[in-house]
>>> print(open('input_22.csv').read())   # CSV, C-alpha atoms
chain,number,residue,atom,x,y,z
A,761,MET,CA,0.0,0.0,0.0
A,762,LEU,CA,2.8,2.4,0.9
A,763,ARG,CA,4.5,1.5,-2.4
A,764,LEU,CA,1.4,2.6,-4.3
A,765,VAL,CA,1.5,6.1,-2.9
A,766,ARG,CA,5.2,6.5,-2.9
A,767,SER,CA,5.4,8.8,-5.9
A,768,GLU,CA,1.8,9.6,-6.7
A,769,GLU,CA,-1.1,11.0,-4.6
A,770,LEU,CA,-4.0,8.7,-5.0
A,771,PRO,CA,-7.7,8.7,-3.7
A,772,ALA,CA,-8.7,6.0,-1.3
A,773,GLY,CA,-11.1,4.5,-3.8
A,774,GLN,CA,-8.4,4.0,-6.4
A,775,ILE,CA,-6.0,2.5,-3.8
A,776,ALA,CA,-8.8,0.1,-2.8
A,777,THR,CA,-9.0,-1.4,-6.3
A,778,HIS,CA,-5.5,-2.9,-5.7
A,779,PHE,CA,-6.6,-5.0,-2.7
A,780,PRO,CA,-8.9,-8.0,-2.3
A,781,ILE,CA,-10.5,-6.4,0.8
A,782,THR,CA,-13.4,-4.0,1.2
A,783,GLN,CA,-12.9,-0.3,0.5
A,784,GLN,CA,-13.9,0.3,4.2
A,785,ALA,CA,-11.0,-1.9,5.3
A,786,VAL,CA,-8.6,-0.1,3.0
A,787,SER,CA,-9.8,3.2,4.4
A,788,GLN,CA,-9.2,2.0,7.9
A,789,HIS,CA,-5.7,0.8,6.9
A,790,LEU,CA,-5.0,4.3,5.4
A,791,GLN,CA,-6.2,6.0,8.6
A,792,VAL,CA,-3.7,3.9,10.6
A,793,LEU,CA,-0.9,4.8,8.2
A,794,HIS,CA,-1.9,8.4,8.5
A,795,ARG,CA,-2.0,8.4,12.3
A,796,ALA,CA,1.4,6.7,12.3
A,797,GLY,CA,2.7,9.6,10.2
A,798,LEU,CA,3.6,7.4,7.3
A,799,VAL,CA,1.3,9.0,4.8
A,800,ALA,CA,-0.1,12.5,4.3
A,801,GLU,CA,-3.9,12.9,3.9
A,802,ARG,CA,-5.6,15.6,1.9
A,803,ARG,CA,-9.3,16.1,1.4
A,804,GLU,CA,-10.7,17.2,-2.0
A,805,GLY,CA,-14.5,17.4,-1.8
A,806,THR,CA,-15.6,14.1,-0.5
A,807,ARG,CA,-12.5,12.3,-1.6
A,808,ARG,CA,-9.5,11.7,0.6
A,809,LEU,CA,-6.1,11.6,-1.2
A,810,TYR,CA,-3.0,9.9,0.2
A,811,LEU,CA,0.7,10.3,-0.5
A,812,LEU,CA,3.7,8.7,1.3
A,813,ARG,CA,5.5,11.3,3.4
A,814,PRO,CA,8.9,11.8,2.0
A,815,ASP,CA,10.4,11.8,5.5
A,816,ALA,CA,8.6,8.6,6.6
A,817,LEU,CA,11.5,6.3,6.0
A,818,GLY,CA,13.2,6.9,9.3
A,819,PRO,CA,10.9,5.9,12.1
A,820,VAL,CA,12.0,2.3,12.3
A,821,ARG,CA,15.6,3.4,12.7
A,822,ALA,CA,14.5,5.9,15.3
A,823,VAL,CA,12.6,3.3,17.2
A,824,LEU,CA,15.6,1.0,17.2
A,825,ASP,CA,17.9,3.8,18.4
A,826,ASP,CA,15.7,3.9,21.5
A,827,LEU,CA,15.0,0.2,21.8
A,828,TRP,CA,18.5,-1.3,21.8
A,829,PRO,CA,20.0,0.9,24.6
A,830,ASP,CA,17.0,0.2,26.7
A,831,ALA,CA,17.2,-3.6,26.0
A,832,LEU,CA,20.9,-3.8,26.8
A,833,ASP,CA,20.3,-1.9,30.0
A,834,ARG,CA,17.7,-4.5,31.0
A,835,LEU,CA,20.1,-7.3,30.0
A,836,LYS,CA,22.7,-5.8,32.3
A,837,ASP,CA,20.3,-5.5,35.1
A,838,VAL,CA,19.0,-9.0,34.8
A,839,VAL,CA,22.4,-10.7,34.5
A,840,GLU,CA,23.9,-8.8,37.4
A,841,HIS,CA,20.8,-9.3,39.5
A,842,ASP,CA,20.9,-13.1,38.9
A,843,LYS,CA,24.6,-13.2,39.7
A,844,ARG,CA,24.2,-11.3,43.0
A,845,ARG,CA,21.4,-13.7,43.9
A,846,ARG,CA,23.6,-16.7,43.3
A,847,SER,CA,26.6,-15.4,45.3
B,1022,MET,CA,24.1,3.6,2.9
B,1023,THR,CA,22.5,3.7,6.3
B,1024,PRO,CA,25.1,3.6,9.1
B,1025,ASP,CA,25.0,0.6,11.4
B,1026,LEU,CA,23.4,1.0,14.8
B,1027,VAL,CA,26.0,0.2,17.5
B,1028,VAL,CA,25.2,0.0,21.2
B,1029,THR,CA,27.5,-1.2,23.9
B,1030,THR,CA,27.2,-1.9,27.6
B,1031,THR,CA,29.5,-3.4,30.3
B,1032,ILE,CA,28.1,-6.2,32.5
B,1033,GLU,CA,29.6,-7.3,35.8
B,1034,ALA,CA,29.8,-11.0,34.8
B,1035,SER,CA,31.8,-13.3,32.5
B,1036,PRO,CA,30.9,-13.9,28.9
B,1037,HIS,CA,30.2,-17.5,29.9
B,1038,GLU,CA,27.5,-16.2,32.4
B,1039,VAL,CA,26.0,-13.6,29.9
B,1040,PHE,CA,25.8,-15.9,26.9
B,1041,PRO,CA,22.7,-18.0,28.0
B,1042,TYR,CA,20.7,-14.8,28.1
B,1043,LEU,CA,21.2,-14.5,24.3
B,1044,VAL,CA,19.9,-18.0,23.5
B,1045,GLN,CA,17.6,-19.3,26.2
B,1046,PRO,CA,13.9,-18.4,25.9
B,1047,ASP,CA,13.4,-18.3,29.6
B,1048,LEU,CA,16.3,-15.8,30.0
B,1049,LEU,CA,15.7,-13.8,26.7
B,1050,VAL,CA,12.1,-13.1,27.8
B,1051,ARG,CA,13.3,-11.3,30.8
B,1052,TRP,CA,15.1,-8.5,28.9
B,1053,LEU,CA,14.1,-8.6,25.2
B,1054,GLY,CA,10.4,-9.3,24.8
B,1055,SER,CA,7.2,-10.5,26.3
B,1056,TRP,CA,7.2,-13.8,24.3
B,1057,VAL,CA,10.2,-15.6,22.8
B,1058,GLU,CA,10.6,-18.7,20.7
B,1059,VAL,CA,14.1,-19.5,19.6
B,1060,ASP,CA,16.2,-22.3,18.2
B,1061,PRO,CA,19.7,-21.1,18.7
B,1062,GLN,CA,21.5,-22.8,15.8
B,1063,PRO,CA,22.3,-21.5,12.3
B,1064,GLY,CA,19.0,-21.5,10.4
B,1065,GLY,CA,17.0,-21.8,13.7
B,1066,VAL,CA,14.1,-19.5,14.4
B,1067,PHE,CA,14.4,-16.3,16.2
B,1068,ALA,CA,11.0,-15.0,17.2
B,1069,VAL,CA,10.3,-12.3,19.8
B,1070,ASP,CA,7.2,-10.3,20.6
B,1071,MET,CA,8.1,-6.9,21.9
B,1072,GLY,CA,4.9,-5.3,23.3
B,1073,GLU,CA,2.5,-5.7,20.5
B,1074,THR,CA,5.1,-6.0,17.8
B,1075,SER,CA,6.2,-9.3,16.4
B,1076,VAL,CA,9.9,-9.5,15.5
B,1077,ARG,CA,10.8,-12.4,13.3
B,1078,GLY,CA,14.1,-13.8,11.9
B,1079,SER,CA,16.6,-16.6,12.3
B,1080,TYR,CA,19.9,-17.3,13.8
B,1081,LEU,CA,22.8,-17.1,11.4
B,1082,GLU,CA,25.7,-17.8,13.7
B,1083,VAL,CA,25.9,-19.1,17.2
B,1084,GLU,CA,29.4,-19.2,18.9
B,1085,PRO,CA,28.9,-20.1,22.6
B,1086,SER,CA,30.1,-17.5,25.1
B,1087,HIS,CA,31.3,-15.2,22.3
B,1088,ARG,CA,28.8,-14.2,19.6
B,1089,VAL,CA,25.4,-14.6,18.1
B,1090,VAL,CA,24.1,-13.2,14.8
B,1091,PHE,CA,20.4,-13.3,13.9
B,1092,THR,CA,18.2,-11.7,11.3
B,1093,TRP,CA,15.5,-9.2,12.4
B,1094,GLY,CA,12.4,-7.8,10.9
B,1095,ILE,CA,8.7,-7.2,11.4
B,1096,PRO,CA,6.3,-9.2,9.3
B,1097,GLY,CA,4.1,-7.0,7.1
B,1098,ASN,CA,6.3,-3.9,7.7
B,1099,GLU,CA,7.3,-2.2,4.5
B,1100,GLN,CA,10.5,-0.8,5.8
B,1101,LEU,CA,11.8,-3.7,7.8
B,1102,PRO,CA,10.2,-7.0,6.7
B,1103,ALA,CA,10.8,-10.2,8.5
B,1104,GLY,CA,14.5,-11.2,8.4
B,1105,SER,CA,15.5,-8.1,6.5
B,1106,SER,CA,18.1,-6.7,8.9
B,1107,THR,CA,20.9,-8.4,10.9
B,1108,VAL,CA,21.8,-8.1,14.5
B,1109,GLU,CA,25.2,-9.2,15.8
B,1110,ILE,CA,25.9,-9.4,19.6
B,1111,VAL,CA,29.6,-9.9,20.6
B,1112,LEU,CA,30.7,-10.6,24.1
B,1113,ARG,CA,34.3,-9.6,25.0
B,1114,PRO,CA,35.9,-10.4,28.4
B,1115,GLU,CA,37.4,-7.4,30.1
B,1116,GLY,CA,38.8,-8.2,33.5
B,1117,ASP,CA,35.9,-9.5,35.6
B,1118,THR,CA,33.4,-7.9,33.3
B,1119,THR,CA,32.0,-8.5,29.8
B,1120,ILE,CA,31.7,-5.8,27.1
B,1121,VAL,CA,28.6,-6.4,25.1
B,1122,GLU,CA,28.6,-4.9,21.6
B,1123,LEU,CA,25.4,-5.0,19.6
B,1124,THR,CA,25.5,-4.0,15.9
B,1125,HIS,CA,22.2,-3.7,13.9
B,1126,ARG,CA,23.0,-3.8,10.2
B,1127,ASP,CA,21.1,-3.5,6.9
B,1128,LEU,CA,18.7,-1.0,8.3
B,1129,PRO,CA,16.4,1.0,6.0
B,1130,ALA,CA,17.5,4.5,5.0
B,1131,ASP,CA,17.1,7.1,7.6
B,1132,ARG,CA,16.2,10.5,6.2
B,1133,HIS,CA,15.5,12.3,9.4
B,1134,ASP,CA,17.0,12.0,12.9
B,1135,ASP,CA,15.2,15.1,14.1
B,1136,HIS,CA,11.8,13.2,14.0
B,1137,ARG,CA,13.0,10.8,16.7
B,1138,LYS,CA,10.9,12.5,19.3
B,1139,GLY,CA,7.4,11.4,19.1
B,1140,TRP,CA,8.3,8.1,17.3
B,1141,THR,CA,9.2,6.3,20.5
B,1142,ASN,CA,5.8,4.5,20.6
B,1143,LEU,CA,5.8,3.6,17.0
B,1144,LEU,CA,6.6,0.0,17.6
B,1145,GLY,CA,3.1,-0.3,19.0
B,1146,ILE,CA,1.5,1.8,16.3
B,1147,LEU,CA,3.2,-0.3,13.5
B,1148,SER,CA,1.9,-3.4,15.0
B,1149,SER,CA,-1.7,-2.2,14.6
B,1150,ILE,CA,-1.4,-1.8,10.9
B,1151,PRO,CA,-3.3,-4.7,9.3
B,1152,GLN,CA,-1.1,-7.1,7.4
B,1153,GLU,CA,-1.8,-7.6,3.7
>>> encode(input="input_22.csv", output="structure tokens")
Amino acid sequence: MLRLVRSEELPAGQIATHFPITQQAVSQHLQVLHRAGLVAERREGTRRLYLLRPDALGPVRAVLDDLWPDALDRLKDVVEHDKRRRS
Amino acid sequence: MTPDLVVTTTIEASPHEVFPYLVQPDLLVRWLGSWVEVDPQPGGVFAVDMGETSVRGSYLEVEPSHRVVFTWGIPGNEQLPAGSSTVEIVLRPEGDTTIVELTHRDLPADRHDDHRKGWTNLLGILSSIPQE
């Protein structure tokens, strides 16, 4: 879905024709992508048009930048806690 | 090319004591995710649920007390599909401690570091996107 709107702004109805699910399900999917900041939404009359945000390719990296230091902190805590308990 | 993500920490224990926490489900689950299923041998499954996000991959290399390498991705995620990136964790003894160095490679292009704030909960959001 993101690939479809990578270079071209498309209305929800046209995007829906590419998927074997209801237009309502596609609209819900697009809403989630919009809330997540991955696509921009523009209204034109009753139509909603979607386009991939050009800056949307970074979030995964940003999440991992936060995730790994936290995870290694927990690893340290757990290992050292267990070691103290054993001694 | 996207720079690798490198994170290190020092643990007051030997590599021999740290290593099981990288390969045993009952120990992995205490620091990495809420649910873990792993088969720590080359080609073996590496599956972790972190919050609502499912991370899926497989072990590439397993060197006891020294190093593990596994693939890492999120099924249905456009940027980081299952198995698309690689995580290497190396344990190096230093006196009575272990230096843990984690390197996450093959990450998707990052065009904006300044958007980091506000994205910290994205793992949960991504997981709510229906999979096609």
>>> closest_residue(input="input_22.csv", among="B:Arg1077, B:Arg1051, B:Arg1126, B:Arg1113", to="chain A", atoms="all atoms listed in the file")
B:Arg1051
>>> closest_atom_pairs(input="input_22.csv", of="chain A", to="chain B", cutoff="12 Å", atoms="only C-alpha atoms", output="Markdown table")
| residue | atom | partner | partner_atom | distance |
| --- | --- | --- | --- | --- |
| A:Met761 | CA | B:Glu1153 | CA | 8.6 |
| A:Leu762 | CA | B:Glu1099 | CA | 7.4 |
| A:Arg763 | CA | B:Glu1099 | CA | 8.3 |
| A:Leu764 | CA | B:Glu1099 | CA | 11.6 |
| A:Arg766 | CA | B:Glu1099 | CA | 11.6 |
| A:His778 | CA | B:Glu1153 | CA | 11.1 |
| A:Phe779 | CA | B:Glu1153 | CA | 8.4 |
| A:Pro780 | CA | B:Glu1153 | CA | 9.3 |
| A:Ile781 | CA | B:Glu1153 | CA | 9.2 |
| A:Ala785 | CA | B:Pro1151 | CA | 9.1 |
| A:Val786 | CA | B:Pro1151 | CA | 9.4 |
| A:Ser787 | CA | B:Pro1151 | CA | 11.3 |
| A:Gln788 | CA | B:Pro1151 | CA | 9.0 |
| A:His789 | CA | B:Ile1150 | CA | 6.4 |
| A:Leu790 | CA | B:Ile1150 | CA | 9.0 |
| A:Gln791 | CA | B:Ile1150 | CA | 9.4 |
| A:Val792 | CA | B:Ile1150 | CA | 6.2 |
| A:Leu793 | CA | B:Ile1150 | CA | 7.1 |
| A:His794 | CA | B:Ile1150 | CA | 10.5 |
| A:Arg795 | CA | B:Ile1146 | CA | 8.5 |
| A:Ala796 | CA | B:Ile1146 | CA | 6.3 |
| A:Gly797 | CA | B:Trp1140 | CA | 9.2 |
| A:Leu798 | CA | B:Leu1147 | CA | 9.9 |
| A:Leu812 | CA | B:Glu1099 | CA | 11.9 |
| A:Arg813 | CA | B:Arg1132 | CA | 11.1 |
| A:Pro814 | CA | B:Arg1132 | CA | 8.5 |
| A:Asp815 | CA | B:Arg1132 | CA | 6.0 |
| A:Ala816 | CA | B:Arg1132 | CA | 7.8 |
| A:Leu817 | CA | B:Asp1131 | CA | 5.9 |
| A:Gly818 | CA | B:Asp1131 | CA | 4.3 |
| A:Pro819 | CA | B:Trp1140 | CA | 6.2 |
| A:Val820 | CA | B:Gln1100 | CA | 7.4 |
| A:Arg821 | CA | B:Asp1131 | CA | 6.5 |
| A:Ala822 | CA | B:Arg1137 | CA | 5.3 |
| A:Val823 | CA | B:Thr1141 | CA | 5.6 |
| A:Leu824 | CA | B:Leu1026 | CA | 8.2 |
| A:Asp825 | CA | B:Leu1026 | CA | 7.1 |
| A:Asp826 | CA | B:Thr1141 | CA | 7.0 |
| A:Leu827 | CA | B:Thr1141 | CA | 8.5 |
| A:Trp828 | CA | B:Val1028 | CA | 6.9 |
| A:Pro829 | CA | B:Val1028 | CA | 6.3 |
| A:Asp830 | CA | B:Trp1052 | CA | 9.2 |
| A:Ala831 | CA | B:Leu1053 | CA | 5.9 |
| A:Leu832 | CA | B:Thr1030 | CA | 6.6 |
| A:Asp833 | CA | B:Thr1030 | CA | 7.3 |
| A:Arg834 | CA | B:Trp1052 | CA | 5.2 |
| A:Leu835 | CA | B:Trp1052 | CA | 5.3 |
| A:Lys836 | CA | B:Ile1032 | CA | 5.4 |
| A:Asp837 | CA | B:Ile1032 | CA | 8.3 |
| A:Val838 | CA | B:Trp1052 | CA | 7.1 |
| A:Val839 | CA | B:Val1039 | CA | 6.5 |
| A:Glu840 | CA | B:Glu1033 | CA | 6.1 |
| A:His841 | CA | B:Glu1033 | CA | 9.8 |
| A:Asp842 | CA | B:Glu1038 | CA | 9.8 |
| A:Lys843 | CA | B:Ala1034 | CA | 7.5 |
| A:Arg844 | CA | B:Glu1033 | CA | 9.8 |
| A:Arg846 | CA | B:Glu1038 | CA | 11.6 |
| A:Ser847 | CA | B:Ala1034 | CA | 11.8 |
>>> atom_distance(input="input_22.csv", atom1="atom CA of A:Ala772", atom2="atom CA of A:Ala800")
12.1 Å
>>> atom_distance(input="input_22.csv", atom1="atom CA of B:Gly1065", atom2="atom CA of B:Val1050")
17.3 Å
>>> atom_distance(input="input_22.csv", atom1="atom CA of A:Val799", atom2="atom CA of B:Val1069")
27.6 Å
>>> residues_around(input="input_22.csv", residues="stretch 1082-1085 of chain B", least_positions_apart="2", cutoff="8 Å", atoms="only C-alpha atoms", output="mmCIF file with C-alpha atoms, in the coordinates of the input")
data_model
loop_
_atom_site.group_PDB
_atom_site.id
_atom_site.type_symbol
_atom_site.label_atom_id
_atom_site.label_comp_id
_atom_site.auth_asym_id
_atom_site.auth_seq_id
_atom_site.Cartn_x
_atom_site.Cartn_y
_atom_site.Cartn_z
ATOM 1 C CA HIS B 1037 30.200 -17.500 29.900
ATOM 2 C CA PHE B 1040 25.800 -15.900 26.900
ATOM 3 C CA PRO B 1061 19.700 -21.100 18.700
ATOM 4 C CA GLN B 1062 21.500 -22.800 15.800
ATOM 5 C CA PRO B 1063 22.300 -21.500 12.300
ATOM 6 C CA TYR B 1080 19.900 -17.300 13.800
ATOM 7 C CA HIS B 1087 31.300 -15.200 22.300
ATOM 8 C CA ARG B 1088 28.800 -14.200 19.600
ATOM 9 C CA VAL B 1089 25.400 -14.600 18.100
ATOM 10 C CA VAL B 1090 24.100 -13.200 14.800
ATOM 11 C CA PHE B 1091 20.400 -13.300 13.900
#
>>> residues_around(input="input_22.csv", residues="B:Ile1095", least_positions_apart="2", cutoff="8 Å", atoms="only C-alpha atoms", output="list in words")
Thr1074, Ser1075, Val1076, Arg1077, Trp1093, Gly1097, Asn1098, Leu1101, Pro1102, Ala1103 and Gly1104 of chain B
>>> residues_near_point(input="input_22.csv", point="(16.6, -18.6, 19.7)", cutoff="7 Å", atoms="only C-alpha atoms", output="JSON, numbers by chain")
{"B": [1044, 1045, 1046, 1058, 1059, 1060, 1061, 1065, 1066, 1067, 1080]}
>>> residues_around(input="input_22.csv", residues="A:Pro771", least_positions_apart="5", cutoff="7 Å", atoms="all atoms listed in the file", output="ChimeraX atom specification")
/A:807-810
>>> write_last_selection(input="input_22.csv", atoms="C-alpha atoms", output="mmCIF file, in the frame of the given file")
data_model
loop_
_atom_site.group_PDB
_atom_site.id
_atom_site.type_symbol
_atom_site.label_atom_id
_atom_site.label_comp_id
_atom_site.auth_asym_id
_atom_site.auth_seq_id
_atom_site.Cartn_x
_atom_site.Cartn_y
_atom_site.Cartn_z
ATOM 1 C CA ARG A 807 -12.500 12.300 -1.600
ATOM 2 C CA ARG A 808 -9.500 11.700 0.600
ATOM 3 C CA LEU A 809 -6.100 11.600 -1.200
ATOM 4 C CA TYR A 810 -3.000 9.900 0.200
#
